[in-house]
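Novice: Mind looking over this structure? Questions follow.
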Amino acid sequence: MDKIFKNIDEQVEILKNKGLIIEDEYETKEILLRENYFFLNGYRLLFMKSLNDKTFILGASFRELYAVFSFDRQIRNILFKNLLVIENNVKSIISYQLSKSYGIKENDYLNPKNFSREPDKIRQINDLLKKMKRQIRNNATGHTATAHYITNYGYIPFWIAVKVLSFGIVSELFSILKKNDQQEVAKIFNVSVEDMEIYLPILSNYRNLCAHEEILFDYHVQRKINDSEYHAKLDIPKLNGEYIYGKDDLFALIIMLKRLLRKEDFSLMFKEINYEISLLSGRLNSITISKILDKMGFPVNYIELERID
């Protein structure tokens, strides 16, 4: 059955008929018009009686619903700017390593011989190098730095070319590097090569999710991160031998950023996130902040993460 268009007045009536308190109809209509009923609706399950009974719990209000929507946007913005820092760091370090080891011209750093020689990766390497060359070629003239090098030198060094490559491409690039190059890159971040290989696609995924304003707070990735010292030190509960928080949820992203960001950058980010949590807590009436934190995968003692070295 096709969906039927509902105007703003009808959207408000639907919410009211399901038991949602509308404190200010004019304000509500303006928000629905600006923000889109569909995206706001993505947060409604927090305030529903159950999956089967899709009416709102007693006391649930539109302002609470919008507060969670706004909270998710703020958290998304905080994480996005820090994910961009990691993206830039990774691009810079990988380009430095390849340039140092193999040379500064495209035929040097994009030579297939410079990458893993594992038989099962040969096809992936050839396909990825083609993608990289295509991205560089398609974006080179529109980027000031790359255009400058083409005009003045006739080639683009990798520390410039990497700027026009997507984070997804660069995260895959790490997976095809020779072991010694992977180790040199991972060493800068003080993590293992295995963790780096797991982290980078997840970070790229979150970066794109944040960039496109997708719902973030209850998002789960497909691949779980490895157990870390932070899981143990926070004494996160286990179920069937598996930590229940910090594996494939938003708290797992926080753990990755704890490991990859500089200490002062992580501390600032963590304070910003905690401020938004405190702000939201004061705006909730029908549910508690613990319900939101549970959806985010934050353990009750999450605040201790900042102090753990």
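By convention in this document, the chains of the structure tokens carry letters A, B, ... by their order, each chain's residues are numbered from 1, and ligands are numbered from 1 in the order they are shown.
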What lies within 7 Å of segment 263-278 of chain A using only C-alpha atoms, ignoring chain neighbours under 6 positions off, as a list of chain:residue names?
Specialist: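 Contacts, with the query itself left out: A:Phe71, A:Ile75, A:Ile78, A:Leu257, A:Glu306.
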Novice: Can you pull out every residue within 6 Å of segment 90-102 of chain A, counting only C-alpha atoms, but drop anything in the same chain fewer than 5 positions away, and send it as a ChimeraX atom specification?
Specialist: /A:108-109,158-159
Novice: I want to know what sits within 12 Å of His220 of chain A, based on only C-alpha atoms, with residues of the same chain fewer than 4 positions away left out; could you give that as a PDB file with N, CA and C atoms, in the first residue's frame?
Specialist:
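Contents of the output file out-v9.pdb:
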ATOM      1  N   ILE A 202      34.977   1.048  10.451  1.00  0.00           N
ATOM      2  CA  ILE A 202      33.917   1.487  11.369  1.00  0.00           C
ATOM      3  C   ILE A 202      33.920   3.004  11.492  1.00  0.00           C
ATOM      4  N   ASN A 205      32.506   4.494   8.417  1.00  0.00           N
ATOM      5  CA  ASN A 205      31.049   4.313   8.440  1.00  0.00           C
ATOM      6  C   ASN A 205      30.388   5.391   9.292  1.00  0.00           C
ATOM      7  N   TYR A 206      30.911   5.602  10.499  1.00  0.00           N
ATOM      8  CA  TYR A 206      30.354   6.623  11.392  1.00  0.00           C
ATOM      9  C   TYR A 206      30.537   8.024  10.812  1.00  0.00           C
ATOM     10  N   LEU A 209      27.829   8.472   8.318  1.00  0.00           N
ATOM     11  CA  LEU A 209      26.551   8.534   9.014  1.00  0.00           C
ATOM     12  C   LEU A 209      26.338   9.925   9.609  1.00  0.00           C
ATOM     13  N   ILE A 215      20.270   8.863  12.133  1.00  0.00           N
ATOM     14  CA  ILE A 215      20.077   8.648  13.568  1.00  0.00           C
ATOM     15  C   ILE A 215      21.305   7.943  14.123  1.00  0.00           C
ATOM     16  N   LEU A 216      21.859   8.485  15.188  1.00  0.00           N
ATOM     17  CA  LEU A 216      23.152   8.023  15.676  1.00  0.00           C
ATOM     18  C   LEU A 216      23.088   7.269  16.991  1.00  0.00           C
ATOM     19  N   LYS A 224      32.115  -6.147  15.470  1.00  0.00           N
ATOM     20  CA  LYS A 224      32.437  -5.745  16.837  1.00  0.00           C
ATOM     21  C   LYS A 224      33.930  -5.469  16.985  1.00  0.00           C
ATOM     22  N   ILE A 225      34.255  -4.507  17.837  1.00  0.00           N
ATOM     23  CA  ILE A 225      35.663  -4.244  18.111  1.00  0.00           C
ATOM     24  C   ILE A 225      36.170  -5.268  19.121  1.00  0.00           C
ATOM     25  N   TYR A 245      28.241  -3.825  26.513  1.00  0.00           N
ATOM     26  CA  TYR A 245      28.405  -2.460  26.026  1.00  0.00           C
ATOM     27  C   TYR A 245      29.794  -2.289  25.401  1.00  0.00           C
ATOM     28  N   GLY A 246      29.888  -1.345  24.482  1.00  0.00           N
ATOM     29  CA  GLY A 246      31.205  -0.975  23.952  1.00  0.00           C
ATOM     30  C   GLY A 246      31.785  -1.932  22.937  1.00  0.00           C
ATOM     31  N   LYS A 247      30.949  -2.671  22.242  1.00  0.00           N
ATOM     32  CA  LYS A 247      31.447  -3.620  21.242  1.00  0.00           C
ATOM     33  C   LYS A 247      31.032  -3.236  19.811  1.00  0.00           C
ATOM     34  N   ASP A 248      29.746  -2.913  19.624  1.00  0.00           N
ATOM     35  CA  ASP A 248      29.268  -2.549  18.278  1.00  0.00           C
ATOM     36  C   ASP A 248      28.342  -1.333  18.336  1.00  0.00           C
ATOM     37  N   ASP A 249      28.363  -0.629  19.454  1.00  0.00           N
ATOM     38  CA  ASP A 249      27.460   0.491  19.693  1.00  0.00           C
ATOM     39  C   ASP A 249      28.211   1.814  19.702  1.00  0.00           C
ATOM     40  N   LEU A 250      27.518   2.872  20.116  1.00  0.00           N
ATOM     41  CA  LEU A 250      28.147   4.190  20.124  1.00  0.00           C
ATOM     42  C   LEU A 250      29.294   4.270  21.134  1.00  0.00           C
ATOM     43  N   PHE A 251      29.189   3.524  22.220  1.00  0.00           N
ATOM     44  CA  PHE A 251      30.276   3.541  23.201  1.00  0.00           C
ATOM     45  C   PHE A 251      31.533   2.887  22.629  1.00  0.00           C
ATOM     46  N   ALA A 252      31.353   1.940  21.718  1.00  0.00           N
ATOM     47  CA  ALA A 252      32.514   1.351  21.034  1.00  0.00           C
ATOM     48  C   ALA A 252      33.250   2.424  20.234  1.00  0.00           C
ATOM     49  N   LEU A 253      32.488   3.324  19.612  1.00  0.00           N
ATOM     50  CA  LEU A 253      33.110   4.436  18.889  1.00  0.00           C
ATOM     51  C   LEU A 253      33.882   5.329  19.858  1.00  0.00           C
ATOM     52  N   LYS A 295      20.623   2.752  25.293  1.00  0.00           N
ATOM     53  CA  LYS A 295      20.535   2.626  23.832  1.00  0.00           C
ATOM     54  C   LYS A 295      21.862   2.981  23.171  1.00  0.00           C
ATOM     55  N   MET A 296      22.602   3.897  23.778  1.00  0.00           N
ATOM     56  CA  MET A 296      23.896   4.320  23.241  1.00  0.00           C
ATOM     57  C   MET A 296      25.005   3.331  23.580  1.00  0.00           C
ATOM     58  N   GLY A 297      24.720   2.396  24.498  1.00  0.00           N
ATOM     59  CA  GLY A 297      25.734   1.440  24.920  1.00  0.00           C
ATOM     60  C   GLY A 297      26.659   1.998  25.981  1.00  0.00           C
TER      61      GLY A 297
END
Novice: Set the distance at 12 Å and use only C-alpha atoms: which residues neighbour Leu84 of chain A once local chain neighbours fewer than 5 positions away are removed? I'd like the list as a compact mmCIF listing (two decimals) with N, CA and C atoms, in the first residue's frame.
Specialist:
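Everything below was put into around-v9.txt:
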# COMPACT_ATOMS: atom_id res chain seq x y z
N ASN A 77 27.32 16.09 15.77
CA ASN A 77 28.24 17.17 15.39
C ASN A 77 29.56 17.09 16.15
N ILE A 78 29.48 16.76 17.44
CA ILE A 78 30.70 16.63 18.26
C ILE A 78 31.57 15.50 17.72
N LEU A 79 30.95 14.36 17.46
CA LEU A 79 31.70 13.20 16.98
C LEU A 79 32.23 13.43 15.56
N ASN A 89 44.41 12.65 10.30
CA ASN A 89 45.60 12.01 10.87
C ASN A 89 45.98 10.76 10.09
N VAL A 90 44.99 9.92 9.84
CA VAL A 90 45.24 8.65 9.13
C VAL A 90 45.76 8.92 7.72
N LYS A 91 45.13 9.85 7.02
CA LYS A 91 45.58 10.19 5.66
C LYS A 91 47.02 10.71 5.68
N LYS A 163 44.24 14.01 0.04
CA LYS A 163 43.18 14.93 0.45
C LYS A 163 41.89 14.73 -0.34
N SER A 166 38.44 9.52 -0.41
CA SER A 166 37.46 9.34 0.66
C SER A 166 38.09 8.56 1.82
N PHE A 167 37.52 8.71 3.00
CA PHE A 167 37.99 7.98 4.17
C PHE A 167 37.82 6.48 3.95
N LEU A 203 35.10 3.58 11.62
CA LEU A 203 35.22 5.04 11.73
C LEU A 203 34.73 5.71 10.45
N SER A 204 35.05 5.13 9.30
CA SER A 204 34.58 5.66 8.03
C SER A 204 33.06 5.59 7.95
N TYR A 206 30.91 5.60 10.50
CA TYR A 206 30.35 6.62 11.39
C TYR A 206 30.54 8.02 10.81
N ARG A 207 31.67 8.25 10.18
CA ARG A 207 31.92 9.57 9.58
C ARG A 207 30.85 9.90 8.55
N ASN A 208 30.50 8.93 7.70
CA ASN A 208 29.48 9.15 6.68
C ASN A 208 28.09 9.26 7.29
N CYS A 210 27.38 10.46 10.24
CA CYS A 210 27.30 11.80 10.83
C CYS A 210 27.13 12.86 9.75
N ALA A 211 27.85 12.72 8.66
CA ALA A 211 27.80 13.71 7.58
C ALA A 211 26.41 13.81 6.96
N LEU A 257 37.87 6.27 19.74
CA LEU A 257 38.36 7.64 19.75
C LEU A 257 39.27 7.89 20.95
N LEU A 261 42.60 9.43 19.40
CA LEU A 261 42.76 10.87 19.53
C LEU A 261 43.87 11.20 20.53
Novice: Here is a test: counting only C-alpha atoms, which residue of A:Leu200, A:Leu165, A:Ile176, A:Val193 is nearest to Arg123 of chain A?
Specialist: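 Going through A:Leu200, A:Leu165, A:Ile176, A:Val193 one by one, the smallest distance to Arg123 of chain A is for A:Ile176.
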Novice: Take atom CA of Asn190 of chain A and atom CA of Leu239 of chain A and report the distance between them in Å, one decimal.
Specialist: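 So the two atoms, atom CA of Asn190 of chain A and atom CA of Leu239 of chain A, lie 29.2 Å apart.
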Novice: Could you give me the residues within segment 123-287 of chain A that DSSP places in helix (DSSP H, G or I), as a ChimeraX atom specification?
Specialist: /A:123-140,144-153,158-164,167-176,179-189,193-211,229-233,250-260,263-281
Novice: Go ahead and save the residues from that selection, with C-alpha atoms, as an mmCIF file, in the first residue's frame.
Specialist:
data_model
loop_
_atom_site.group_PDB
_atom_site.id
_atom_site.type_symbol
_atom_site.label_atom_id
_atom_site.label_comp_id
_atom_site.auth_asym_id
_atom_site.auth_seq_id
_atom_site.Cartn_x
_atom_site.Cartn_y
_atom_site.Cartn_z
ATOM 1 C CA ARG A 123 42.527 -8.494 -7.093
ATOM 2 C CA GLN A 124 41.536 -6.159 -4.242
ATOM 3 C CA ILE A 125 44.795 -4.234 -4.655
ATOM 4 C CA ASN A 126 44.319 -3.766 -8.409
ATOM 5 C CA ASP A 127 40.679 -2.705 -7.969
ATOM 6 C CA LEU A 128 41.510 -0.283 -5.163
ATOM 7 C CA LEU A 129 44.390 1.346 -7.013
ATOM 8 C CA LYS A 130 42.058 1.902 -9.979
ATOM 9 C CA LYS A 131 39.510 3.549 -7.655
ATOM 10 C CA MET A 132 42.217 5.739 -6.133
ATOM 11 C CA LYS A 133 43.509 6.856 -9.537
ATOM 12 C CA ARG A 134 39.936 7.597 -10.633
ATOM 13 C CA GLN A 135 39.175 9.647 -7.499
ATOM 14 C CA ILE A 136 42.422 11.575 -7.851
ATOM 15 C CA ARG A 137 41.821 12.196 -11.570
ATOM 16 C CA ASN A 138 38.176 13.263 -11.099
ATOM 17 C CA ASN A 139 38.883 15.609 -8.202
ATOM 18 C CA ALA A 140 42.355 16.927 -8.990
ATOM 19 C CA THR A 144 43.480 24.064 -5.221
ATOM 20 C CA ALA A 145 46.502 22.124 -3.955
ATOM 21 C CA THR A 146 46.264 19.269 -6.479
ATOM 22 C CA ALA A 147 45.704 21.700 -9.351
ATOM 23 C CA HIS A 148 48.775 23.660 -8.225
ATOM 24 C CA TYR A 149 51.011 20.575 -8.314
ATOM 25 C CA ILE A 150 49.703 19.430 -11.692
ATOM 26 C CA THR A 151 50.263 22.877 -13.192
ATOM 27 C CA ASN A 152 53.670 23.527 -11.683
ATOM 28 C CA TYR A 153 55.220 20.078 -11.300
ATOM 29 C CA PHE A 158 50.629 11.513 -2.156
ATOM 30 C CA TRP A 159 50.411 13.880 0.811
ATOM 31 C CA ILE A 160 48.395 16.149 -1.493
ATOM 32 C CA ALA A 161 46.527 13.454 -3.447
ATOM 33 C CA VAL A 162 45.274 11.824 -0.263
ATOM 34 C CA LYS A 163 43.176 14.932 0.453
ATOM 35 C CA VAL A 164 40.811 14.093 -2.412
ATOM 36 C CA PHE A 167 37.985 7.980 4.171
ATOM 37 C CA GLY A 168 36.513 4.693 2.981
ATOM 38 C CA ILE A 169 39.167 4.381 0.274
ATOM 39 C CA VAL A 170 41.958 5.227 2.717
ATOM 40 C CA SER A 171 40.668 2.762 5.316
ATOM 41 C CA GLU A 172 40.713 0.018 2.675
ATOM 42 C CA LEU A 173 44.171 1.166 1.605
ATOM 43 C CA PHE A 174 45.490 0.354 5.075
ATOM 44 C CA SER A 175 44.258 -3.241 4.698
ATOM 45 C CA ILE A 176 46.421 -3.809 1.590
ATOM 46 C CA LYS A 179 52.929 -5.611 7.072
ATOM 47 C CA ASN A 180 55.862 -3.368 7.919
ATOM 48 C CA ASP A 181 54.010 -0.313 6.568
ATOM 49 C CA GLN A 182 50.903 -1.261 8.562
ATOM 50 C CA GLN A 183 53.012 -1.618 11.680
ATOM 51 C CA GLU A 184 54.631 1.792 11.191
ATOM 52 C CA VAL A 185 51.225 3.454 10.810
ATOM 53 C CA ALA A 186 49.587 1.598 13.731
ATOM 54 C CA LYS A 187 52.571 2.380 15.959
ATOM 55 C CA ILE A 188 51.884 6.104 15.694
ATOM 56 C CA PHE A 189 48.428 5.501 17.201
ATOM 57 C CA VAL A 193 47.542 -3.646 13.248
ATOM 58 C CA GLU A 194 44.562 -5.946 13.875
ATOM 59 C CA ASP A 195 42.702 -3.243 15.825
ATOM 60 C CA MET A 196 43.563 -0.646 13.197
ATOM 61 C CA GLU A 197 42.113 -2.859 10.460
ATOM 62 C CA ILE A 198 38.886 -3.243 12.455
ATOM 63 C CA TYR A 199 38.645 0.405 13.492
ATOM 64 C CA LEU A 200 39.146 2.186 10.175
ATOM 65 C CA PRO A 201 36.069 0.872 8.276
ATOM 66 C CA ILE A 202 33.917 1.487 11.369
ATOM 67 C CA LEU A 203 35.221 5.037 11.726
ATOM 68 C CA SER A 204 34.580 5.658 8.027
ATOM 69 C CA ASN A 205 31.049 4.313 8.440
ATOM 70 C CA TYR A 206 30.354 6.623 11.392
ATOM 71 C CA ARG A 207 31.924 9.568 9.579
ATOM 72 C CA ASN A 208 29.478 9.146 6.683
ATOM 73 C CA LEU A 209 26.551 8.534 9.014
ATOM 74 C CA CYS A 210 27.303 11.804 10.830
ATOM 75 C CA ALA A 211 27.796 13.712 7.580
ATOM 76 C CA GLU A 229 41.551 -2.582 28.698
ATOM 77 C CA TYR A 230 38.729 -0.050 28.973
ATOM 78 C CA HIS A 231 36.060 -2.750 28.930
ATOM 79 C CA ALA A 232 37.832 -4.474 31.808
ATOM 80 C CA LYS A 233 38.660 -1.352 33.836
ATOM 81 C CA LEU A 250 28.147 4.190 20.124
ATOM 82 C CA PHE A 251 30.276 3.541 23.201
ATOM 83 C CA ALA A 252 32.514 1.351 21.034
ATOM 84 C CA LEU A 253 33.110 4.436 18.889
ATOM 85 C CA ILE A 254 33.978 6.422 22.029
ATOM 86 C CA ILE A 255 36.510 3.726 22.989
ATOM 87 C CA MET A 256 38.081 3.865 19.528
ATOM 88 C CA LEU A 257 38.361 7.643 19.751
ATOM 89 C CA LYS A 258 39.853 7.304 23.231
ATOM 90 C CA ARG A 259 42.607 5.190 21.710
ATOM 91 C CA LEU A 260 43.216 7.223 18.555
ATOM 92 C CA LYS A 263 44.578 12.925 25.135
ATOM 93 C CA GLU A 264 43.632 16.605 25.219
ATOM 94 C CA ASP A 265 41.372 16.263 22.163
ATOM 95 C CA PHE A 266 39.574 13.287 23.655
ATOM 96 C CA SER A 267 39.147 15.074 26.986
ATOM 97 C CA LEU A 268 37.518 18.070 25.294
ATOM 98 C CA MET A 269 35.246 15.842 23.211
ATOM 99 C CA PHE A 270 34.217 13.818 26.262
ATOM 100 C CA LYS A 271 33.348 16.968 28.226
ATOM 101 C CA GLU A 272 31.217 18.213 25.329
ATOM 102 C CA ILE A 273 29.353 14.898 25.151
ATOM 103 C CA ASN A 274 28.796 14.809 28.904
ATOM 104 C CA TYR A 275 27.447 18.367 28.816
ATOM 105 C CA GLU A 276 24.862 17.335 26.206
ATOM 106 C CA ILE A 277 23.906 14.300 28.296
ATOM 107 C CA SER A 278 23.375 16.506 31.353
ATOM 108 C CA LEU A 279 21.360 18.983 29.291
ATOM 109 C CA LEU A 280 19.099 16.256 27.913
ATOM 110 C CA SER A 281 18.633 14.729 31.357
#
Novice: For segment 61-69 of chain A, list every protein, DNA or RNA residue within 6 Å, evaluated using only C-alpha atoms, and leave out those in the same chain fewer than 2 positions away; present the list as a list in words.
Specialist: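 Counting only the stated atoms, we get Leu20, Ile21, Ile22, Phe71, Asp72 and Leu284 of chain A.
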Novice: Residues of segment 12-253 of chain A in strand (DSSP E or B) according to DSSP, as a ChimeraX atom specification?
Specialist: /A:21,48,56,61,115,177,238-239,242-243
Novice: Could you name the residues that touch segment 33-39 of chain A at 9 Å or less, counting only C-alpha atoms, but leaving out those on the same chain fewer than 3 positions away, as a ChimeraX atom specification?
Specialist: /A:8,11,28-30,42-43,69,214-215
